[in-house]
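Student: The structure file structure_39.pdb (PDB, C-alpha atoms) is provided below.
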ATOM      1  CA  MET L 200       0.000   0.000   0.000
ATOM      2  CA  GLY L 201       1.431   3.397  -0.950
ATOM      3  CA  LEU L 202       1.342   6.700   0.840
ATOM      4  CA  PHE L 203      -1.926   8.568   0.508
ATOM      5  CA  SER L 204      -3.889  11.613   1.619
ATOM      6  CA  ARG L 205      -7.613  12.280   1.506
ATOM      7  CA  ALA L 206      -9.599  15.471   0.903
ATOM      8  CA  GLY L 207     -13.195  16.046  -0.224
ATOM      9  CA  GLY L 208     -13.900  12.298  -0.472
ATOM     10  CA  VAL L 209     -11.023  11.751  -2.934
ATOM     11  CA  ALA L 210      -7.923   9.670  -2.099
ATOM     12  CA  VAL L 211      -4.697   8.989  -4.017
ATOM     13  CA  THR L 212      -2.696   5.818  -3.408
ATOM     14  CA  MET L 213       0.803   5.375  -4.871
ATOM     15  CA  THR L 214       2.215   1.965  -5.827
ATOM     16  CA  PRO L 215       5.060   1.458  -5.223
ATOM     17  CA  ASP L 216       5.838   4.356  -2.917
ATOM     18  CA  VAL L 217       9.623   4.136  -3.465
ATOM     19  CA  VAL L 218      10.980   4.228  -7.035
ATOM     20  CA  ARG L 219      14.128   4.905  -9.023
ATOM     21  CA  PRO L 220      14.610   6.876 -12.258
ATOM     22  CA  ARG L 221      13.171   5.063 -15.307
ATOM     23  CA  GLN L 222      10.908   2.951 -13.095
ATOM     24  CA  THR L 223       7.115   3.293 -13.171
ATOM     25  CA  VAL L 224       4.831   4.454 -10.367
ATOM     26  CA  THR L 225       1.034   4.077 -10.440
ATOM     27  CA  ALA L 226      -1.480   6.499  -8.942
ATOM     28  CA  THR L 227      -4.887   5.082  -8.069
ATOM     29  CA  VAL L 228      -7.567   7.696  -7.387
ATOM     30  CA  THR L 229     -10.670   6.555  -5.499
ATOM     31  CA  THR L 230     -13.742   8.295  -4.125
ATOM     32  CA  ASP L 231     -16.056   7.556  -1.198
ATOM     33  CA  ARG L 232     -18.964   8.307  -3.513
ATOM     34  CA  PRO L 233     -19.331   9.808  -7.002
ATOM     35  CA  VAL L 234     -18.257  13.456  -7.153
ATOM     36  CA  THR L 235     -21.029  15.277  -9.004
ATOM     37  CA  LYS L 236     -21.337  18.515 -11.010
ATOM     38  CA  VAL L 237     -17.788  18.056 -12.275
ATOM     39  CA  ARG L 238     -16.480  20.321 -15.010
ATOM     40  CA  SER L 239     -13.024  18.734 -15.344
ATOM     41  CA  ALA L 240     -10.510  16.577 -13.530
ATOM     42  CA  ARG L 241      -6.783  16.215 -13.929
ATOM     43  CA  LEU L 242      -3.679  14.632 -12.438
ATOM     44  CA  ASP L 243      -0.565  16.748 -11.930
ATOM     45  CA  TRP L 244       2.683  14.794 -11.472
ATOM     46  CA  GLY L 245       5.664  16.701 -10.132
ATOM     47  CA  TYR L 246       7.629  17.738  -7.087
ATOM     48  CA  VAL L 247       7.736  20.415  -4.416
ATOM     49  CA  ASN L 248      11.096  22.177  -4.773
ATOM     50  CA  PHE L 249      12.645  23.709  -1.641
ATOM     51  CA  TYR L 250      14.927  26.737  -1.957
ATOM     52  CA  GLN L 251      15.939  30.056  -0.428
ATOM     53  CA  TYR L 252      15.321  33.540  -1.805
ATOM     54  CA  HIS L 253      16.082  37.101  -0.805
ATOM     55  CA  TRP L 254      13.003  39.085   0.237
ATOM     56  CA  ALA L 255      13.656  42.790  -0.283
ATOM     57  CA  GLY L 256      10.802  44.233   1.772
ATOM     58  CA  ARG L 257       7.599  46.003   0.761
ATOM     59  CA  VAL L 258       7.024  49.695   0.318
ATOM     60  CA  ASP L 259       3.589  49.615   1.985
ATOM     61  CA  SER L 260       4.746  47.613   5.012
ATOM     62  CA  VAL L 261       7.632  49.989   5.657
ATOM     63  CA  ALA L 262       5.450  53.052   5.188
ATOM     64  CA  ALA L 263       2.825  51.667   7.549
ATOM     65  CA  GLN L 264       5.482  51.407  10.227
ATOM     66  CA  ALA L 265       6.698  54.940   9.510
ATOM     67  CA  ASN L 266      10.255  53.669   9.234
ATOM     68  CA  ASP L 267      11.865  56.883   7.971
ATOM     69  CA  THR L 268      15.388  55.512   8.315
ATOM     70  CA  VAL L 269      14.799  52.749   5.805
ATOM     71  CA  TRP L 270      12.700  55.006   3.587
ATOM     72  CA  THR L 271      15.278  57.758   3.284
ATOM     73  CA  ALA L 272      18.134  55.307   2.869
ATOM     74  CA  GLY L 273      16.646  54.204  -0.449
ATOM     75  CA  GLN L 274      16.463  50.602   0.694
ATOM     76  CA  VAL L 275      12.762  50.007   0.172
ATOM     77  CA  GLY L 276      12.229  47.251  -2.364
ATOM     78  CA  THR L 277      15.951  46.680  -2.855
ATOM     79  CA  ASN L 278      18.130  45.150  -0.182
ATOM     80  CA  TYR L 279      15.931  45.681   2.849
ATOM     81  CA  GLY L 280      14.480  42.457   4.182
ATOM     82  CA  GLY L 281      16.200  39.111   4.510
ATOM     83  CA  ASP L 282      16.630  35.590   3.240
ATOM     84  CA  ARG L 283      13.683  33.214   3.426
ATOM     85  CA  ASP L 284      13.129  29.505   2.919
ATOM     86  CA  THR L 285      10.201  28.593   0.699
ATOM     87  CA  ASP L 286       9.079  26.075  -1.899
ATOM     88  CA  ASP L 287       7.340  25.999  -5.288
ATOM     89  CA  TRP L 288       5.474  23.307  -7.177
ATOM     90  CA  VAL L 289       7.256  22.029 -10.290
ATOM     91  CA  SER L 290       4.825  20.316 -12.657
ATOM     92  CA  VAL L 291       6.302  17.497 -14.749
ATOM     93  CA  VAL L 292       3.275  15.861 -16.421
ATOM     94  CA  VAL L 293      -0.383  16.969 -16.429
ATOM     95  CA  GLU L 294      -3.037  14.457 -17.489
ATOM     96  CA  ASP L 295      -6.721  15.178 -18.084
ATOM     97  CA  LEU L 296      -9.021  12.527 -16.621
ATOM     98  CA  PRO L 297     -12.215  11.350 -18.357
ATOM     99  CA  ILE L 298     -15.505  12.645 -16.958
ATOM    100  CA  ALA L 299     -18.765  10.792 -17.676
ATOM    101  CA  THR L 300     -22.036  12.759 -17.362
ATOM    102  CA  GLY L 301     -20.492  15.260 -14.961
ATOM    103  CA  GLU L 302     -19.435  12.638 -12.421
ATOM    104  CA  PHE L 303     -16.005  11.572 -11.247
ATOM    105  CA  THR L 304     -15.597   8.152  -9.632
ATOM    106  CA  GLY L 305     -11.844   7.600  -9.795
ATOM    107  CA  ALA L 306      -9.008   6.855 -12.184
ATOM    108  CA  THR L 307      -5.657   5.119 -12.578
ATOM    109  CA  SER L 308      -2.525   6.563 -14.144
ATOM    110  CA  THR L 309       1.177   5.708 -14.391
ATOM    111  CA  LEU L 310       4.335   7.788 -14.644
ATOM    112  CA  ARG L 311       7.779   6.699 -15.771
ATOM    113  CA  ILE L 312      10.194   8.553 -13.515
ATOM    114  CA  PRO L 313      12.437  10.786 -15.660
ATOM    115  CA  SER L 314      16.139   9.966 -15.785
ATOM    116  CA  TRP L 315      16.903  13.531 -14.578
ATOM    117  CA  ALA L 316      14.545  13.391 -11.581
ATOM    118  CA  PRO L 317      15.996  15.029  -8.457
ATOM    119  CA  ALA L 318      16.080  12.690  -5.486
ATOM    120  CA  SER L 319      13.585  13.025  -2.667
ATOM    121  CA  ALA L 320      15.116  14.816   0.327
ATOM    122  CA  PRO L 321      13.919  17.532   2.742
ATOM    123  CA  GLU L 322      16.623  19.843   1.380
ATOM    124  CA  ILE L 323      15.596  19.625  -2.283
ATOM    125  CA  ALA L 324      12.377  17.866  -3.382
ATOM    126  CA  ARG L 325       9.194  16.016  -2.388
ATOM    127  CA  TRP L 326       7.543  14.061  -5.201
ATOM    128  CA  GLU L 327       3.731  13.938  -5.447
ATOM    129  CA  CYS L 328       0.822  13.115  -7.691
ATOM    130  CA  ARG L 329      -1.998  15.616  -7.251
ATOM    131  CA  VAL L 330      -5.613  15.187  -8.337
ATOM    132  CA  ILE L 331      -7.755  18.297  -8.891
ATOM    133  CA  VAL L 332     -11.488  17.903  -9.534
ATOM    134  CA  ASP L 333     -13.040  21.165 -10.737
ATOM    135  CA  ARG L 334     -16.782  21.264 -10.018
ATOM    136  CA  GLU L 335     -19.653  23.701  -9.565
ATOM    137  CA  GLY L 336     -19.460  23.354  -5.790
ATOM    138  CA  PRO L 337     -16.271  23.141  -3.728
ATOM    139  CA  ASP L 338     -13.423  21.568  -5.676
ATOM    140  CA  ALA L 339     -12.065  18.200  -4.572
ATOM    141  CA  GLU L 340      -8.290  17.900  -4.274
ATOM    142  CA  SER L 341      -5.916  15.290  -2.904
ATOM    143  CA  ARG L 342      -2.350  14.100  -3.333
ATOM    144  CA  GLY L 343      -0.214  11.013  -3.007
ATOM    145  CA  GLU L 344       3.443  11.178  -2.066
ATOM    146  CA  PHE L 345       6.171   8.874  -3.300
ATOM    147  CA  VAL L 346       9.935   8.734  -2.807
ATOM    148  CA  VAL L 347      12.508   8.897  -5.597
ATOM    149  CA  ARG L 348      15.838   7.300  -4.708
ATOM    150  CA  ILE L 349      18.977   7.735  -6.783
ATOM    151  CA  GLY L 350      21.497   4.904  -7.072
ATOM    152  CA  THR L 351      24.966   4.510  -8.495
ATOM    153  CA  GLY L 352      23.563   3.243 -11.806
ATOM    154  CA  ASP L 353      21.363   6.329 -12.197
ATOM    155  CA  VAL L 354      24.189   8.898 -12.440
ATOM    156  CA  ASP L 355      27.226   9.549 -14.609
ATOM    157  CA  SER L 356      30.457   8.162 -13.204
ATOM    158  CA  TYR L 357      33.500  10.233 -14.103
ATOM    159  CA  LEU L 358      36.100  12.204 -12.167
ATOM    160  CA  GLU L 359      35.304  15.920 -12.079
ATOM    161  CA  PRO L 360      38.079  18.539 -12.474
ATOM    162  CA  LEU L 361      39.903  19.767  -9.379
ATOM    163  CA  GLU L 362      38.978  23.289  -8.210
ATOM    164  CA  ARG L 363      41.494  25.613  -6.576
ATOM    165  CA  VAL L 364      39.686  27.616  -3.890
ATOM    166  CA  SER L 365      42.592  29.642  -2.484
ATOM    167  CA  GLY L 366      46.373  29.867  -2.449
ATOM    168  CA  ASP L 367      49.285  30.921  -4.651
ATOM    169  CA  GLY L 368      50.138  27.458  -5.916
ATOM    170  CA  GLU L 369      53.533  27.324  -4.195
ATOM    171  CA  THR L 370      52.575  23.743  -3.451
ATOM    172  CA  VAL L 371      50.571  21.846  -6.040
ATOM    173  CA  VAL L 372      47.839  20.088  -4.057
ATOM    174  CA  ASP L 373      46.146  17.195  -5.849
ATOM    175  CA  LEU L 374      43.116  15.489  -4.303
ATOM    176  CA  VAL L 375      41.860  12.268  -5.889
ATOM    177  CA  PRO L 376      38.976  10.164  -4.488
ATOM    178  CA  SER L 377      39.174   6.459  -5.308
ATOM    179  CA  LYS L 378      35.884   6.677  -7.239
ATOM    180  CA  PRO L 379      33.532   9.510  -8.275
ATOM    181  CA  VAL L 380      30.182   8.213  -6.885
ATOM    182  CA  TRP L 381      29.463   7.454  -3.221
ATOM    183  CA  GLN L 382      26.421   6.336  -1.248
ATOM    184  CA  ALA L 383      25.155   8.167   1.835
ATOM    185  CA  GLY L 384      26.824   6.700   4.927
ATOM    186  CA  GLU L 385      29.740   5.326   2.908
ATOM    187  CA  THR L 386      33.401   6.043   3.722
ATOM    188  CA  VAL L 387      34.994   8.178   1.006
ATOM    189  CA  THR L 388      38.577   7.112   0.376
ATOM    190  CA  GLY L 389      41.339   8.552  -1.759
ATOM    191  CA  HIS L 390      44.694  10.283  -1.544
ATOM    192  CA  VAL L 391      46.215  13.756  -1.387
ATOM    193  CA  THR L 392      49.525  14.553  -3.080
ATOM    194  CA  LEU L 393      51.576  17.632  -2.154
ATOM    195  CA  THR L 394      54.240  18.741  -4.645
ATOM    196  CA  PRO L 395      56.135  21.891  -3.542
ATOM    197  CA  THR L 396      57.450  24.102  -6.358
ATOM    198  CA  VAL L 397      60.026  25.731  -4.052
ATOM    199  CA  ASP L 398      61.459  24.950  -0.630
ATOM    200  CA  LEU L 399      58.815  25.942   1.910
ATOM    201  CA  PRO L 400      58.177  25.931   5.661
ATOM    202  CA  ASP L 401      56.785  22.738   7.134
ATOM    203  CA  GLY L 402      53.103  22.152   6.441
ATOM    204  CA  ASP L 403      49.913  20.836   8.004
ATOM    205  CA  VAL L 404      47.416  19.045   5.703
ATOM    206  CA  ALA L 405      43.790  18.154   6.432
ATOM    207  CA  VAL L 406      40.716  17.016   4.493
ATOM    208  CA  SER L 407      36.919  17.074   4.906
ATOM    209  CA  TRP L 408      33.737  16.680   2.894
ATOM    210  CA  GLN L 409      31.647  19.697   1.931
ATOM    211  CA  ARG L 410      27.989  20.040   0.947
ATOM    212  CA  GLU L 411      26.693  23.045  -0.956
ATOM    213  CA  ARG L 412      23.043  23.981  -1.373
ATOM    214  CA  GLU L 413      22.555  26.523  -4.142
ATOM    215  CA  SER L 414      19.296  28.397  -4.769
ATOM    216  CA  HIS L 415      18.516  29.651  -8.277
ATOM    217  CA  PRO L 416      14.762  30.435  -8.393
ATOM    218  CA  LEU L 417      13.379  31.362 -11.801
ATOM    219  CA  THR L 418      11.493  34.499 -10.768
ATOM    220  CA  ARG L 419      12.914  35.540  -7.370
ATOM    221  CA  THR L 420      16.221  36.931  -6.184
ATOM    222  CA  PRO L 421      18.353  33.948  -5.138
ATOM    223  CA  GLY L 422      19.343  33.526  -1.525
ATOM    224  CA  PRO L 423      23.026  33.182  -0.639
ATOM    225  CA  GLY L 424      22.908  29.405  -0.442
ATOM    226  CA  SER L 425      24.713  27.465   2.235
ATOM    227  CA  GLN L 426      27.817  25.376   2.819
ATOM    228  CA  LEU L 427      28.249  22.603   5.358
ATOM    229  CA  ASP L 428      31.707  21.230   6.102
ATOM    230  CA  GLY L 429      32.191  17.801   7.598
ATOM    231  CA  ARG L 430      34.592  16.900  10.353
ATOM    232  CA  ILE L 431      38.139  18.042   9.568
ATOM    233  CA  MET L 432      40.540  15.096   9.411
ATOM    234  CA  GLN L 433      44.176  16.031   9.900
ATOM    235  CA  LEU L 434      46.423  13.786   7.817
ATOM    236  CA  ASP L 435      49.798  15.028   9.058
ATOM    237  CA  LYS L 436      51.642  18.045  10.445
ATOM    238  CA  HIS L 437      55.242  19.282  10.404
ATOM    239  CA  ILE L 438      55.498  17.989   6.832
ATOM    240  CA  ARG L 439      58.829  18.738   5.151
ATOM    241  CA  LEU L 440      58.106  20.539   1.896
ATOM    242  CA  GLN L 441      61.101  20.436  -0.432
ATOM    243  CA  ALA L 442      60.973  21.647  -4.022
ATOM    244  CA  GLY L 443      60.022  18.891  -6.486
ATOM    245  CA  THR L 444      59.563  16.196  -3.818
ATOM    246  CA  PRO L 445      55.961  14.917  -3.755
ATOM    247  CA  VAL L 446      54.382  13.709  -0.525
ATOM    248  CA  HIS L 447      51.386  11.313  -0.579
ATOM    249  CA  TYR L 448      48.663  10.780   2.037
ATOM    250  CA  PRO L 449      45.653   8.433   1.943
ATOM    251  CA  PHE L 450      42.422   9.666   3.522
ATOM    252  CA  GLU L 451      39.035   8.379   4.734
ATOM    253  CA  LEU L 452      35.913  10.515   5.243
ATOM    254  CA  VAL L 453      32.563   9.159   6.448
ATOM    255  CA  LEU L 454      29.470  10.644   4.779
ATOM    256  CA  PRO L 455      26.340  11.177   6.911
ATOM    257  CA  ASP L 456      23.792   8.347   6.776
ATOM    258  CA  ASP L 457      21.103  10.882   5.852
ATOM    259  CA  ALA L 458      23.185  12.790   3.298
ATOM    260  CA  PRO L 459      20.849  14.306   0.676
ATOM    261  CA  PRO L 460      21.914  13.136  -2.790
ATOM    262  CA  THR L 461      23.555  15.309  -5.380
ATOM    263  CA  ALA L 462      20.639  16.881  -7.265
ATOM    264  CA  ALA L 463      19.709  19.582  -9.753
ATOM    265  CA  ALA L 464      16.121  20.860  -9.579
ATOM    266  CA  VAL L 465      14.450  23.898 -11.152
ATOM    267  CA  HIS L 466      14.936  26.255  -8.203
ATOM    268  CA  SER L 467      17.818  24.700  -6.264
ATOM    269  CA  SER L 468      20.716  22.256  -6.401
ATOM    270  CA  ILE L 469      22.805  20.176  -4.007
ATOM    271  CA  ASN L 470      26.489  19.545  -4.702
ATOM    272  CA  TRP L 471      29.108  17.566  -2.783
ATOM    273  CA  PHE L 472      32.892  17.898  -2.639
ATOM    274  CA  VAL L 473      35.951  16.501  -0.923
ATOM    275  CA  GLN L 474      38.376  19.261   0.009
ATOM    276  CA  ALA L 475      41.960  19.568   1.259
ATOM    277  CA  ARG L 476      43.801  22.455   2.853
ATOM    278  CA  LEU L 477      47.510  22.979   3.421
ATOM    279  CA  MET L 478      48.715  25.429   6.078
ATOM    280  CA  TYR L 479      52.313  26.575   6.391
ATOM    281  CA  GLU L 480      54.060  26.980   9.734
ATOM    282  CA  GLY L 481      55.374  30.345  10.862
ATOM    283  CA  PHE L 482      54.609  33.837   9.631
ATOM    284  CA  GLY L 483      56.408  33.900   6.315
ATOM    285  CA  GLY L 484      53.468  35.286   4.360
ATOM    286  CA  HIS L 485      52.673  32.024   2.573
ATOM    287  CA  SER L 486      49.005  31.705   1.630
ATOM    288  CA  LEU L 487      46.722  28.891   2.727
ATOM    289  CA  GLU L 488      46.333  26.381  -0.107
ATOM    290  CA  ARG L 489      42.849  24.927  -0.485
ATOM    291  CA  VAL L 490      41.411  22.742  -3.234
ATOM    292  CA  ARG L 491      38.280  20.695  -3.687
ATOM    293  CA  ARG L 492      36.971  18.100  -6.116
ATOM    294  CA  PRO L 493      33.270  17.407  -6.813
ATOM    295  CA  ILE L 494      31.879  13.977  -5.989
ATOM    296  CA  THR L 495      28.419  12.556  -6.579
ATOM    297  CA  VAL L 496      26.404  11.344  -3.587
ATOM    298  CA  VAL L 497      23.469   8.928  -4.001
ATOM    299  CA  ASN L 498      21.044   7.384  -1.506
ATOM    300  CA  ALA L 499      20.611   3.911  -2.994
ATOM    301  CA  PRO L 500      23.030   1.145  -4.067
TER     302      PRO L 500
END
Spell out the structure here as structure tokens.

Tutor:
Amino acid sequence: MGLFSRAGGVAVTMTPDVVRPRQTVTATVTTDRPVTKVRSARLDWGYVNFYQYHWAGRVDSVAAQANDTVWTAGQVGTNYGGDRDTDDWVSVVVEDLPIATGEFTGATSTLRIPSWAPASAPEIARWECRVIVDREGPDAESRGEFVVRIGTGDVDSYLEPLERVSGDGETVVDLVPSKPVWQAGETVTGHVTLTPTVDLPDGDVAVSWQRERESHPLTRTPGPGSQLDGRIMQLDKHIRLQAGTPVHYPFELVLPDDAPPTAAAVHSSINWFVQARLMYEGFGGHSLERVRRPITVVNAP
């Protein structure tokens, strides 16, 4: 039995309630009794997309409060306000349902989950099938929820380019995970190689995972997004850094069991990285070296 909700005598049951991309889910719509005086009925398959946007304030709300400071500063409707979490419905497939003599008594429909479907997670998306019955009296609406899980076979598997975040490149820092795709809760393994270009002070190298949530709403000002760094794992300290002599370190990083998968939705995205930083001892003016490499996180085998 799938997840369901009930409203106005209409219920939607999803079977199965957990699916993968390219698999099929069935929505069964039932009614306690025939819904009469119906003009039209439709199913709307899609997902609720969670994201953050910047709310810039309202002229009328500021004026009502007689906030002269904000008014005269020219901030009304621009950068006054703050960042807010919200969500929008993203429709994927809309299907008109047959109506006989103005009555609706139920229907069955299937959806093949798109290969690009973002995974279900509180940080990014909640998948649903919604039924809307338009009638002369109060409309009847209901929805059924289902979960989309993303596995290793559902994503591309290739090593993404290394990104330099900071530093002057006095030491070439290379960070290579042992594979590009990892499951939530898995231990990410790999190695870091330090290759100094000149003789340098001793160094301290550490690694961690990083999760980025990026908001890119279609019609609103994007919020700043967020970054979450995992536990910092120090690999070594007092490392001798001699020109042209590479130093290698293996690493292990445990991903959270509930890690939301890498995903790209209409209004937001989630990206994962492994990152390494190299600090130099002393006060010689040498910049912190930091690099990161994207990885793909999934929530199914």

Student: L:Glu385, L:Glu451, L:Asp287, L:Asp373: which is nearest Ser407 of chain L, counting only C-alpha atoms?

Tutor: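 Closest to Ser407 of chain L of all the choices is L:Glu451.
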
Student: Can you work out which one of L:Val209, L:Val247, L:Val218, L:Ile298 has the shortest atom-to-atom distance to Arg232 of chain L, counting all atoms listed in the file?

Tutor: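 Nearest to Arg232 of chain L: L:Val209.
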
Student: Expand the PyMOL selection byres ((chain L and resi 444) around 12) into the individual residues it matches in the shown file, reporting them as a PyMOL selection string.

Tutor: chain L and resi 370-371+392-399+438-443+445-447

Student: Would you work out the distance separating atom CA of Val380 of chain L from atom CA of Pro220 of chain L, expressed in Å to one decimal?

Tutor: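 Computed distance, atom CA of Val380 of chain L to atom CA of Pro220 of chain L, equals 16.5 Å.
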
Student: Can you tell me, as a list in words, which residues sit within 6 Å of (8.1, 9.4, -7.8) in the file's frame, using all atoms listed in the file?

Tutor: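 Returned residue set, sorted by chain then number, is Val218, Trp326, Phe345, Val346 and Val347 of chain L.
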